[in-house]
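Asker: Sharing target-v7.json below, JSON, C-alpha atoms and all ligand atoms:
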```json
[["chain", "number", "residue", "atom", "x", "y", "z"],
["A", 30, "MET", "CA", 74.88, 96.43, 94.37],
["A", 31, "THR", "CA", 71.19, 97.23, 94.20],
["A", 32, "THR", "CA", 68.84, 94.79, 92.59],
["A", 33, "GLU", "CA", 65.14, 95.19, 91.93],
["A", 34, "ASN", "CA", 64.40, 92.68, 94.72],
["A", 35, "ASP", "CA", 66.02, 94.96, 97.29],
["A", 36, "ALA", "CA", 63.22, 97.42, 96.71],
["A", 37, "ALA", "CA", 60.52, 95.05, 98.06],
["A", 38, "GLY", "CA", 58.76, 96.91, 100.87],
["A", 39, "ALA", "CA", 59.80, 100.27, 99.48],
["A", 40, "ALA", "CA", 57.46, 101.84, 96.93],
["A", 41, "VAL", "CA", 60.23, 104.22, 95.90],
["A", 42, "ARG", "CA", 63.94, 103.91, 96.45],
["A", 43, "PHE", "CA", 66.61, 106.56, 95.74],
["A", 44, "VAL", "CA", 70.04, 104.96, 95.47],
["A", 45, "ALA", "CA", 72.94, 107.45, 95.50],
["A", 46, "VAL", "CA", 71.06, 109.83, 93.19],
["A", 47, "SER", "CA", 72.88, 112.92, 91.94],
["A", 48, "LYS", "CA", 71.24, 115.63, 89.88],
["A", 49, "SER", "CA", 72.63, 118.94, 88.77],
["A", 50, "PHE", "CA", 71.70, 121.63, 86.29],
["A", 51, "GLY", "CA", 73.98, 123.84, 84.21],
["A", 52, "ARG", "CA", 77.66, 123.41, 83.37],
["A", 53, "GLY", "CA", 81.05, 124.62, 84.49],
["A", 54, "GLU", "CA", 80.94, 127.46, 86.98],
["A", 55, "LYS", "CA", 77.18, 127.66, 86.58],
["A", 56, "ARG", "CA", 76.70, 124.02, 87.58],
["A", 57, "HIS", "CA", 74.18, 123.73, 90.39],
["A", 58, "LEU", "CA", 74.21, 120.47, 92.31],
["A", 59, "VAL", "CA", 70.67, 119.86, 93.56],
["A", 60, "LEU", "CA", 71.01, 116.28, 94.85],
["A", 61, "ASN", "CA", 74.38, 114.86, 95.87],
["A", 62, "GLU", "CA", 74.32, 111.03, 96.08],
["A", 63, "ALA", "CA", 70.96, 111.12, 97.81],
["A", 64, "SER", "CA", 69.58, 107.84, 99.16],
["A", 65, "PHE", "CA", 66.27, 107.13, 100.88],
["A", 66, "ASP", "CA", 63.35, 104.70, 100.77],
["A", 67, "VAL", "CA", 59.65, 105.51, 100.68],
["A", 68, "PRO", "CA", 57.89, 102.77, 102.67],
["A", 69, "THR", "CA", 54.83, 101.23, 101.00],
["A", 70, "GLY", "CA", 51.46, 102.37, 102.32],
["A", 71, "LYS", "CA", 52.99, 105.11, 104.47],
["A", 72, "THR", "CA", 53.27, 108.89, 104.23],
["A", 73, "THR", "CA", 56.59, 110.50, 103.42],
["A", 74, "VAL", "CA", 56.84, 114.27, 103.71],
["A", 75, "ILE", "CA", 59.59, 116.03, 101.76],
["A", 76, "ALA", "CA", 60.53, 119.43, 103.14],
["A", 77, "GLY", "CA", 63.26, 121.98, 102.60],
["A", 78, "GLY", "CA", 63.72, 125.62, 101.75],
["A", 79, "SER", "CA", 62.78, 127.17, 98.43],
["A", 80, "GLY", "CA", 64.78, 125.87, 95.46],
["A", 81, "GLN", "CA", 66.37, 123.00, 97.38],
["A", 82, "GLY", "CA", 65.14, 120.22, 95.09],
["A", 83, "LYS", "CA", 61.77, 119.05, 96.37],
["A", 84, "SER", "CA", 60.02, 119.31, 92.99],
["A", 85, "VAL", "CA", 63.09, 117.87, 91.26],
["A", 86, "THR", "CA", 62.76, 114.83, 93.55],
["A", 87, "LEU", "CA", 59.13, 114.37, 92.48],
["A", 88, "LYS", "CA", 60.05, 114.80, 88.81],
["A", 89, "LEU", "CA", 62.71, 112.10, 89.13],
["A", 90, "ILE", "CA", 60.04, 109.75, 90.54],
["A", 91, "LEU", "CA", 57.67, 110.62, 87.68],
["A", 92, "GLY", "CA", 60.41, 110.04, 85.12],
["A", 93, "LEU", "CA", 60.20, 113.67, 83.93],
["A", 94, "LEU", "CA", 63.88, 114.10, 84.82],
["A", 95, "LYS", "CA", 66.74, 111.59, 84.76],
["A", 96, "PRO", "CA", 69.46, 111.37, 87.42],
["A", 97, "ASP", "CA", 73.05, 112.17, 86.39],
["A", 98, "ALA", "CA", 74.14, 109.23, 88.55],
["A", 99, "GLY", "CA", 72.44, 106.66, 90.77],
["A", 100, "GLN", "CA", 69.01, 105.10, 90.40],
["A", 101, "VAL", "CA", 65.41, 105.96, 91.19],
["A", 102, "LEU", "CA", 63.46, 102.73, 91.63],
["A", 103, "VAL", "CA", 59.67, 102.86, 91.68],
["A", 104, "PHE", "CA", 57.95, 99.58, 92.56],
["A", 105, "GLY", "CA", 61.36, 98.03, 91.90],
["A", 106, "LYS", "CA", 61.74, 99.48, 88.41],
["A", 107, "ASN", "CA", 64.56, 101.80, 87.40],
["A", 108, "VAL", "CA", 62.46, 104.71, 86.08],
["A", 109, "ALA", "CA", 65.19, 106.23, 83.89],
["A", 110, "ALA", "CA", 65.66, 102.92, 82.05],
["A", 111, "LEU", "CA", 62.00, 102.46, 81.11],
["A", 112, "GLY", "CA", 60.77, 102.90, 77.56],
["A", 113, "VAL", "CA", 57.80, 105.11, 76.73],
["A", 114, "HIS", "CA", 55.25, 102.32, 77.01],
["A", 115, "ALA", "CA", 56.58, 100.93, 80.32],
["A", 116, "LEU", "CA", 56.76, 104.45, 81.77],
["A", 117, "ARG", "CA", 53.15, 105.08, 80.82],
["A", 118, "GLU", "CA", 52.13, 101.79, 82.48],
["A", 119, "LEU", "CA", 54.02, 102.78, 85.62],
["A", 120, "ARG", "CA", 52.42, 106.21, 85.74],
["A", 121, "MET", "CA", 48.98, 104.60, 85.53],
["A", 122, "GLN", "CA", 49.61, 103.58, 89.13],
["A", 123, "PHE", "CA", 50.32, 107.17, 90.21],
["A", 124, "GLY", "CA", 47.92, 109.84, 91.39],
["A", 125, "VAL", "CA", 49.21, 113.38, 91.19],
["A", 126, "LEU", "CA", 47.97, 116.53, 92.94],
["A", 127, "PHE", "CA", 50.05, 119.56, 92.02],
["A", 128, "GLN", "CA", 49.85, 123.15, 93.22],
["A", 129, "GLY", "CA", 47.18, 124.58, 90.96],
["A", 130, "SER", "CA", 44.84, 121.54, 91.12],
["A", 131, "ALA", "CA", 45.02, 121.68, 87.28],
["A", 132, "LEU", "CA", 41.27, 121.46, 86.78],
["A", 133, "PHE", "CA", 39.78, 122.06, 83.36],
["A", 134, "ASP", "CA", 37.76, 125.27, 83.60],
["A", 135, "SER", "CA", 35.36, 124.24, 80.85],
["A", 136, "LEU", "CA", 34.45, 120.96, 82.55],
["A", 137, "THR", "CA", 32.12, 120.50, 85.52],
["A", 138, "VAL", "CA", 33.28, 118.96, 88.79],
["A", 139, "PHE", "CA", 31.79, 115.65, 87.69],
["A", 140, "GLU", "CA", 33.51, 115.71, 84.30],
["A", 141, "ASN", "CA", 36.85, 116.75, 85.78],
["A", 142, "VAL", "CA", 36.79, 113.80, 88.17],
["A", 143, "ALA", "CA", 35.50, 111.40, 85.50],
["A", 144, "LEU", "CA", 38.26, 112.37, 83.06],
["A", 145, "PRO", "CA", 40.89, 109.75, 84.04],
["A", 146, "LEU", "CA", 38.25, 107.03, 83.90],
["A", 147, "ARG", "CA", 37.12, 108.10, 80.44],
["A", 148, "GLU", "CA", 40.67, 108.47, 79.12],
["A", 149, "ARG", "CA", 42.35, 105.46, 80.67],
["A", 150, "THR", "CA", 39.71, 102.79, 81.30],
["A", 151, "ARG", "CA", 36.95, 101.11, 79.36],
["A", 152, "LEU", "CA", 34.38, 101.45, 82.12],
["A", 153, "GLU", "CA", 30.80, 101.94, 80.98],
["A", 154, "GLU", "CA", 28.97, 105.18, 81.68],
["A", 155, "GLY", "CA", 26.97, 103.70, 84.57],
["A", 156, "ALA", "CA", 30.11, 102.41, 86.30],
["A", 157, "ILE", "CA", 31.84, 105.77, 85.77],
["A", 158, "ARG", "CA", 28.91, 107.60, 87.33],
["A", 159, "ARG", "CA", 28.86, 105.29, 90.36],
["A", 160, "LYS", "CA", 32.62, 105.53, 90.89],
["A", 161, "VAL", "CA", 32.73, 109.32, 90.58],
["A", 162, "ALA", "CA", 29.71, 109.71, 92.88],
["A", 163, "ALA", "CA", 31.40, 107.53, 95.52],
["A", 164, "THR", "CA", 34.62, 109.55, 95.39],
["A", 165, "LEU", "CA", 32.79, 112.87, 95.50],
["A", 166, "GLU", "CA", 30.92, 111.68, 98.58],
["A", 167, "GLN", "CA", 34.17, 110.67, 100.30],
["A", 168, "LEU", "CA", 35.56, 114.14, 99.65],
["A", 169, "GLU", "CA", 32.36, 115.84, 100.79],
["A", 170, "LEU", "CA", 31.63, 117.22, 97.33],
["A", 171, "SER", "CA", 28.20, 115.65, 96.75],
["A", 172, "GLY", "CA", 25.76, 118.24, 95.41],
["A", 173, "HIS", "CA", 28.50, 120.18, 93.61],
["A", 174, "GLU", "CA", 28.76, 117.85, 90.57],
["A", 175, "ASP", "CA", 27.43, 120.37, 88.06],
["A", 176, "LYS", "CA", 29.50, 123.35, 89.17],
["A", 177, "PHE", "CA", 32.41, 124.68, 87.16],
["A", 178, "PRO", "CA", 35.83, 125.33, 88.79],
["A", 179, "ALA", "CA", 35.27, 129.12, 88.69],
["A", 180, "GLN", "CA", 32.30, 128.63, 91.04],
["A", 181, "LEU", "CA", 34.36, 126.80, 93.68],
["A", 182, "SER", "CA", 36.39, 128.00, 96.68],
["A", 183, "GLY", "CA", 40.13, 127.28, 96.72],
["A", 184, "GLY", "CA", 39.63, 124.43, 99.18],
["A", 185, "MET", "CA", 36.90, 122.84, 97.06],
["A", 186, "LYS", "CA", 39.12, 123.01, 93.98],
["A", 187, "LYS", "CA", 41.84, 121.13, 95.86],
["A", 188, "ARG", "CA", 39.28, 118.53, 96.94],
["A", 189, "VAL", "CA", 38.18, 118.07, 93.33],
["A", 190, "GLY", "CA", 41.86, 117.72, 92.37],
["A", 191, "LEU", "CA", 42.29, 115.09, 95.07],
["A", 192, "ALA", "CA", 39.15, 113.27, 93.89],
["A", 193, "ARG", "CA", 40.55, 113.16, 90.37],
["A", 194, "ALA", "CA", 43.98, 112.01, 91.55],
["A", 195, "LEU", "CA", 42.35, 109.06, 93.32],
["A", 196, "GLN", "CA", 40.08, 107.91, 90.50],
["A", 197, "LEU", "CA", 42.33, 105.18, 89.14],
["A", 198, "ASP", "CA", 42.96, 103.67, 92.61],
["A", 199, "PRO", "CA", 46.63, 104.70, 92.58],
["A", 200, "LYS", "CA", 49.26, 102.83, 94.55],
["A", 201, "LEU", "CA", 51.35, 105.98, 94.89],
["A", 202, "VAL", "CA", 50.05, 109.55, 95.23],
["A", 203, "LEU", "CA", 52.35, 112.54, 94.82],
["A", 204, "PHE", "CA", 51.33, 115.85, 96.35],
["A", 205, "ASP", "CA", 53.29, 118.98, 95.42],
["A", 206, "GLU", "CA", 52.34, 121.82, 97.77],
["A", 207, "PRO", "CA", 48.71, 120.69, 98.00],
["A", 208, "THR", "CA", 47.69, 123.60, 100.24],
["A", 209, "THR", "CA", 49.22, 126.53, 98.36],
["A", 210, "GLY", "CA", 46.92, 129.55, 98.53],
["A", 211, "LEU", "CA", 44.68, 128.13, 101.24],
["A", 212, "ASP", "CA", 43.98, 129.69, 104.62],
["A", 213, "PRO", "CA", 44.88, 127.69, 107.77],
["A", 214, "VAL", "CA", 41.34, 126.30, 108.18],
["A", 215, "MET", "CA", 41.19, 125.00, 104.60],
["A", 216, "THR", "CA", 44.76, 123.70, 104.92],
["A", 217, "ARG", "CA", 43.75, 121.60, 107.93],
["A", 218, "GLU", "CA", 40.69, 120.42, 106.03],
["A", 219, "ILE", "CA", 42.72, 119.21, 103.05],
["A", 220, "TYR", "CA", 45.13, 117.33, 105.30],
["A", 221, "ARG", "CA", 42.19, 115.79, 107.20],
["A", 222, "LEU", "CA", 40.65, 114.53, 103.94],
["A", 223, "PHE", "CA", 44.06, 113.32, 102.85],
["A", 224, "GLU", "CA", 44.29, 111.22, 106.02],
["A", 225, "VAL", "CA", 40.74, 109.86, 105.57],
["A", 226, "THR", "CA", 41.35, 108.78, 101.98],
["A", 227, "GLN", "CA", 44.77, 107.35, 102.67],
["A", 228, "LYS", "CA", 43.43, 105.23, 105.53],
["A", 229, "ARG", "CA", 40.59, 104.02, 103.35],
["A", 230, "LEU", "CA", 42.59, 103.36, 100.18],
["A", 231, "GLY", "CA", 46.00, 102.49, 101.64],
["A", 232, "TYR", "CA", 48.08, 104.28, 99.04],
["A", 233, "THR", "CA", 51.71, 105.33, 99.52],
["A", 234, "ALA", "CA", 51.85, 109.11, 99.79],
["A", 235, "ILE", "CA", 54.66, 111.55, 99.13],
["A", 236, "ILE", "CA", 53.87, 115.10, 100.15],
["A", 237, "VAL", "CA", 56.09, 118.03, 99.26],
["A", 238, "SER", "CA", 55.15, 120.87, 101.54],
["A", 239, "HIS", "CA", 56.23, 124.17, 103.05],
["A", 240, "ASP", "CA", 53.75, 123.70, 105.91],
["A", 241, "VAL", "CA", 56.57, 122.88, 108.31],
["A", 242, "PRO", "CA", 56.38, 121.77, 111.06],
["A", 243, "GLN", "CA", 52.58, 121.30, 110.80],
["A", 244, "VAL", "CA", 52.83, 118.71, 108.05],
["A", 245, "PHE", "CA", 55.26, 116.64, 110.11],
["A", 246, "ALA", "CA", 52.26, 115.44, 112.12],
["A", 247, "LEU", "CA", 51.06, 113.49, 109.06],
["A", 248, "ALA", "CA", 54.39, 111.92, 108.31],
["A", 249, "ASP", "CA", 55.58, 108.38, 108.92],
["A", 250, "GLN", "CA", 58.83, 109.62, 107.45],
["A", 251, "ILE", "CA", 60.30, 113.09, 106.97],
["A", 252, "VAL", "CA", 62.85, 113.70, 104.22],
["A", 253, "LEU", "CA", 64.72, 116.99, 104.44],
["A", 254, "ILE", "CA", 66.70, 118.46, 101.56],
["A", 255, "ASN", "CA", 69.15, 121.32, 101.97],
["A", 256, "ARG", "CA", 72.16, 122.36, 99.88],
["A", 257, "GLY", "CA", 72.33, 119.07, 97.99],
["A", 258, "GLU", "CA", 72.19, 116.99, 101.17],
["A", 259, "LEU", "CA", 69.23, 114.81, 101.98],
["A", 260, "ASP", "CA", 68.40, 112.97, 105.17],
["A", 261, "ALA", "CA", 65.41, 110.87, 106.22],
["A", 262, "PHE", "CA", 63.84, 110.66, 109.69],
["A", 263, "THR", "CA", 60.99, 108.77, 111.28],
["A", 264, "ASP", "CA", 60.49, 111.45, 113.89],
["A", 265, "ALA", "CA", 60.88, 115.24, 113.74],
["A", 266, "GLY", "CA", 62.78, 115.14, 117.04],
["A", 267, "GLN", "CA", 65.62, 113.24, 115.37],
["A", 268, "ILE", "CA", 66.35, 116.00, 112.85],
["A", 269, "VAL", "CA", 68.69, 117.86, 115.16],
["A", 270, "ASP", "CA", 70.81, 114.71, 115.43],
["A", 271, "SER", "CA", 71.49, 114.50, 111.69],
["A", 272, "HIS", "CA", 75.16, 113.95, 110.96],
["A", 273, "LYS", "CA", 74.74, 116.15, 107.87],
["A", 274, "PRO", "CA", 75.57, 119.80, 108.64],
["A", 275, "ALA", "CA", 73.28, 121.25, 105.95],
["A", 276, "ILE", "CA", 70.32, 119.37, 107.46],
["A", 277, "ARG", "CA", 71.08, 120.60, 110.97],
["A", 278, "GLU", "CA", 71.32, 124.08, 109.48],
["A", 279, "PHE", "CA", 67.84, 123.72, 107.98],
["A", 280, "ALA", "CA", 66.50, 122.44, 111.31],
["A", 281, "ARG", "CA", 67.66, 125.70, 112.89],
["A", 282, "THR", "CA", 65.38, 127.62, 110.55],
["A", 283, "VAL", "CA", 62.35, 125.63, 111.62],
["A", 284, "THR", "CA", 60.67, 126.85, 114.75],
["A", 285, "SER", "CA", 58.76, 124.28, 116.73],
["A", 286, "PRO", "CA", 58.76, 123.14, 120.34],
["A", 287, "GLY", "CA", 60.23, 119.86, 119.09],
["A", 288, "PHE", "CA", 63.32, 121.71, 117.96],
["A", 289, "THR", "CA", 63.59, 124.39, 120.60],
["A", 290, "ASP", "CA", 63.26, 121.82, 123.41],
["A", 291, "ARG", "CA", 66.40, 120.24, 122.09],
["A", 292, "GLY", "CA", 68.24, 123.54, 122.20],
["A", 293, "VAL", "CA", 68.42, 124.12, 118.47],
["B", 301, "LIG", "N1", 64.73, 122.05, 84.35],
["B", 301, "LIG", "C1", 65.56, 122.78, 85.10],
["B", 301, "LIG", "N2", 66.61, 123.44, 84.54],
["B", 301, "LIG", "C2", 67.45, 124.14, 85.29],
["B", 301, "LIG", "N3", 67.38, 124.26, 86.63],
["B", 301, "LIG", "C3", 66.35, 123.63, 87.24],
["B", 301, "LIG", "C4", 65.41, 122.85, 86.51],
["B", 301, "LIG", "N4", 64.51, 122.34, 87.40],
["B", 301, "LIG", "C5", 64.89, 122.77, 88.62],
["B", 301, "LIG", "N5", 66.00, 123.53, 88.52],
["B", 301, "LIG", "C6", 66.71, 124.15, 89.65],
["B", 301, "LIG", "O1", 66.89, 123.17, 90.64],
["B", 301, "LIG", "C7", 66.73, 123.73, 91.94],
["B", 301, "LIG", "C8", 65.67, 122.96, 92.70],
["B", 301, "LIG", "O2", 64.42, 123.23, 92.12],
["B", 301, "LIG", "P1", 63.05, 122.68, 92.74],
["B", 301, "LIG", "O3", 61.96, 123.17, 91.84],
["B", 301, "LIG", "O4", 63.15, 121.22, 92.96],
["B", 301, "LIG", "O5", 62.99, 123.42, 94.15],
["B", 301, "LIG", "P2", 61.91, 123.27, 95.30],
["B", 301, "LIG", "O6", 62.61, 122.75, 96.51],
["B", 301, "LIG", "O7", 60.74, 122.50, 94.82],
["B", 301, "LIG", "O8", 61.56, 124.80, 95.52],
["B", 301, "LIG", "P3", 60.16, 125.54, 95.84],
["B", 301, "LIG", "O9", 59.83, 125.19, 97.24],
["B", 301, "LIG", "O10", 60.52, 126.99, 95.70],
["B", 301, "LIG", "O11", 59.15, 125.07, 94.84],
["B", 301, "LIG", "C9", 66.39, 125.20, 91.73],
["B", 301, "LIG", "O12", 67.57, 125.95, 91.88],
["B", 301, "LIG", "C10", 65.89, 125.25, 90.30],
["B", 301, "LIG", "O13", 66.19, 126.50, 89.73]]
```
Rewrite the coordinates I just gave you, this time as structure tokens.

Answerer:
Amino acid sequence: MTTENDAAGAAVRFVAVSKSFGRGEKRHLVLNEASFDVPTGKTTVIAGGSGQGKSVTLKLILGLLKPDAGQVLVFGKNVAALGVHALRELRMQFGVLFQGSALFDSLTVFENVALPLRERTRLEEGAIRRKVAATLEQLELSGHEDKFPAQLSGGMKKRVGLARALQLDPKLVLFDEPTTGLDPVMTREIYRLFEVTQKRLGYTAIIVSHDVPQVFALADQIVLINRGELDAFTDAGQIVDSHKPAIREFARTVTSPGFTDRGV
């Protein structure tokens, strides 16, 4: 039986989690007794084909969806069992960067990044200004404080989104397709800045991405989802050895020397 103490060392733990949508013949099983741990302070990449359950996995962690069976433990807490207040407290420790960057068009770069500090802390204006300036510098956005999102390139918008996600010093940062719409150069740039900030701040990162196999280079752990099956690996080379047929099938769709060398 799983207890909260078992989760020490794992920021997130999925214990035999099942999730489906629809009923009867239309029932669609997205996760079938899926289990994996997200190690604290490390980077876990979640990959899989379209519609395989990557975003559902993130939503279960955020408490936006509840499992049909099993448990999702975040920092040792069963997310589905938390009340509104406790869930809000838990989410205070999360940073989130989703596809569209979700910037407010009517706010400047500075105000977008300052928003979480204004809404969720009691910091004084001077402290807010110093903190935002420091983050903008880390993300190479100094000098752009007074611009509006419409004046920014796609890559800059993502950087502003990342700056905002990091404002509350999160312990866990969730990235859902952080490079959507970016060219390869900007994509590399975002992942470079991700690595810089993660090294500096030490947060646990979960990245959902289609940039396979490129994104595997960032991963301490790779979680693959295909046809309801989920398997976790510490090295891309191990994927072909999965005992789960649906995962081996997904590996066949991924072209990289790591796979082809192994005859997949
Ligand atoms: N609220 C919902 N109601 C019904 N079905 C849903 C709901 N959320 C997700 N699904 C279904 O669950 C499956 C997994 O969806 P999910 O968004 O997690 O896929 P994904 O792996 O993130 O795909 P993509 O890479 O295309 O974003 C899909 O078939 C989707 O239609």

Asker: How many Å separate CA of Glu169 (chain A) from CA of Ile75 (chain A)?

Answerer: 27.2 Å

Asker: Hey, which residues come within 9 Å of ligand LIG 301 (chain B) if we count all atoms listed in the file? Could you give them as a PyMOL selection string?

Answerer: chain A and resi 48-51+57-60+76-88+94+205-206+237-239+254-255

Asker: For region 134-180 of chain A against region 226-235 of chain A, with a cut-off of 10 Å and counting all atoms listed in the file, what is the closest atom pair and its distance in Å to one decimal for every residue that makes the cut, ordered by chain and number, as a Markdown table?

Answerer:
```
| residue | atom | partner | partner_atom | distance |
| --- | --- | --- | --- | --- |
| A:Thr164 | CA | A:Thr226 | CA | 9.5 |
| A:Gln167 | CA | A:Thr226 | CA | 7.6 |
| A:Leu168 | CA | A:Thr226 | CA | 8.2 |
```

Asker: Leaving out Pro199 (chain A) and any residue of its chain fewer than 5 positions from it, which residues lie within 8 Å of it when counting all atoms listed in the file, given as a PyMOL selection string?

Answerer: chain A and resi 121-124+194+232

Asker: What separation in Å, quoted to one decimal, exists between CA of Gly70 (chain A) and CA of Leu247 (chain A)?

Answerer: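 Between CA of Gly70 (chain A) and CA of Leu247 (chain A) the gap works out to 13.0 Å.
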
Asker: I'd like the interatomic distance between CA of Thr137 (chain A) and CA of Ala163 (chain A), to a tenth of an Å.

Answerer: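 If I compute the distance from CA of Thr137 (chain A) to CA of Ala163 (chain A), I get 16.4 Å.
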
Asker: Got a sec: who's within 10 Å of Asn107 (chain A), counting all atoms listed in the file, leaving out chain neighbours fewer than 6 positions off, as a ChimeraX atom specification?

Answerer: /A:32-33,41-43,90,92,99-101,116

Asker: Kindly indicate which residue among A:Leu144, A:Leu253, A:Leu93, A:Val202 lies nearest to Ala109 (chain A), using only C-alpha atoms for the distances.

Answerer: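 Distance minimum relative to Ala109 (chain A) lands on A:Leu93.
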
Asker: Contacts of region 182-190 of chain A at 9 Å or less, counting all atoms listed in the file, minus same-chain residues fewer than 4 places along, as an mmCIF file with C-alpha atoms, in the frame of the given file?

Answerer:
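And here's part-v3.cif as it stands now:
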```cif
data_model
loop_
_atom_site.group_PDB
_atom_site.id
_atom_site.type_symbol
_atom_site.label_atom_id
_atom_site.label_comp_id
_atom_site.auth_asym_id
_atom_site.auth_seq_id
_atom_site.Cartn_x
_atom_site.Cartn_y
_atom_site.Cartn_z
ATOM 1 C CA VAL A 125 49.210 113.380 91.190
ATOM 2 C CA LEU A 126 47.970 116.530 92.940
ATOM 3 C CA PHE A 127 50.050 119.560 92.020
ATOM 4 C CA GLN A 128 49.850 123.150 93.220
ATOM 5 C CA GLY A 129 47.180 124.580 90.960
ATOM 6 C CA SER A 130 44.840 121.540 91.120
ATOM 7 C CA ALA A 131 45.020 121.680 87.280
ATOM 8 C CA LEU A 132 41.270 121.460 86.780
ATOM 9 C CA VAL A 138 33.280 118.960 88.790
ATOM 10 C CA PHE A 139 31.790 115.650 87.690
ATOM 11 C CA ASN A 141 36.850 116.750 85.780
ATOM 12 C CA VAL A 142 36.790 113.800 88.170
ATOM 13 C CA LEU A 165 32.790 112.870 95.500
ATOM 14 C CA LEU A 168 35.560 114.140 99.650
ATOM 15 C CA GLU A 169 32.360 115.840 100.790
ATOM 16 C CA LEU A 170 31.630 117.220 97.330
ATOM 17 C CA PRO A 178 35.830 125.330 88.790
ATOM 18 C CA ALA A 194 43.980 112.010 91.550
ATOM 19 C CA LEU A 195 42.350 109.060 93.320
ATOM 20 C CA PRO A 207 48.710 120.690 98.000
ATOM 21 C CA THR A 208 47.690 123.600 100.240
ATOM 22 C CA GLY A 210 46.920 129.550 98.530
ATOM 23 C CA LEU A 211 44.680 128.130 101.240
ATOM 24 C CA ASP A 212 43.980 129.690 104.620
ATOM 25 C CA MET A 215 41.190 125.000 104.600
ATOM 26 C CA THR A 216 44.760 123.700 104.920
ATOM 27 C CA GLU A 218 40.690 120.420 106.030
ATOM 28 C CA ILE A 219 42.720 119.210 103.050
ATOM 29 C CA LEU A 222 40.650 114.530 103.940
#
```

Asker: Given the choices A:Glu148, A:Val214, A:Ala40, A:Thr73, which gets closest to Ala246 (chain A) if the distance is worked out from only C-alpha atoms?

Answerer: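 Under the stated criterion, the closest residue is A:Thr73.
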
Asker: Select, from A:Ile236, A:Val74, A:Asn61, A:Val225, the residue with the minimum atom-to-atom distance to Phe262 (chain A), counting all atoms listed in the file.

Answerer: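 Using all atoms listed in the file, Phe262 (chain A) sits closest to A:Val74.
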
Asker: Measuring atom to atom with all atoms listed in the file, identify which of A:Arg56, A:Gln196, A:Ala110, A:Gln180 is nearest to Arg159 (chain A).

Answerer: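 Among the listed residues, A:Gln196 lies closest to Arg159 (chain A).
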
Asker: Would you list the residues near (70.5, 104.3, 95.9) (no more than 10 Å away, in the coordinates of the file, using only C-alpha atoms) as a PyMOL selection string?

Answerer: chain A and resi 30-31+42-47+62-66+98-102

Asker: Out of A:Glu278, A:Glu258, A:Asp134, A:Asp264, which residue has the shortest atom-to-atom distance to Phe177 (chain A) when counting only C-alpha atoms?

Answerer: A:Asp134

Asker: Please determine, counting all atoms listed in the file, which residue among A:Arg151, A:Val269, A:Glu140, A:Ala115 has the shortest atom-to-atom distance to Asp175 (chain A).

Answerer: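 For Asp175 (chain A), the nearest of the candidates is A:Glu140.
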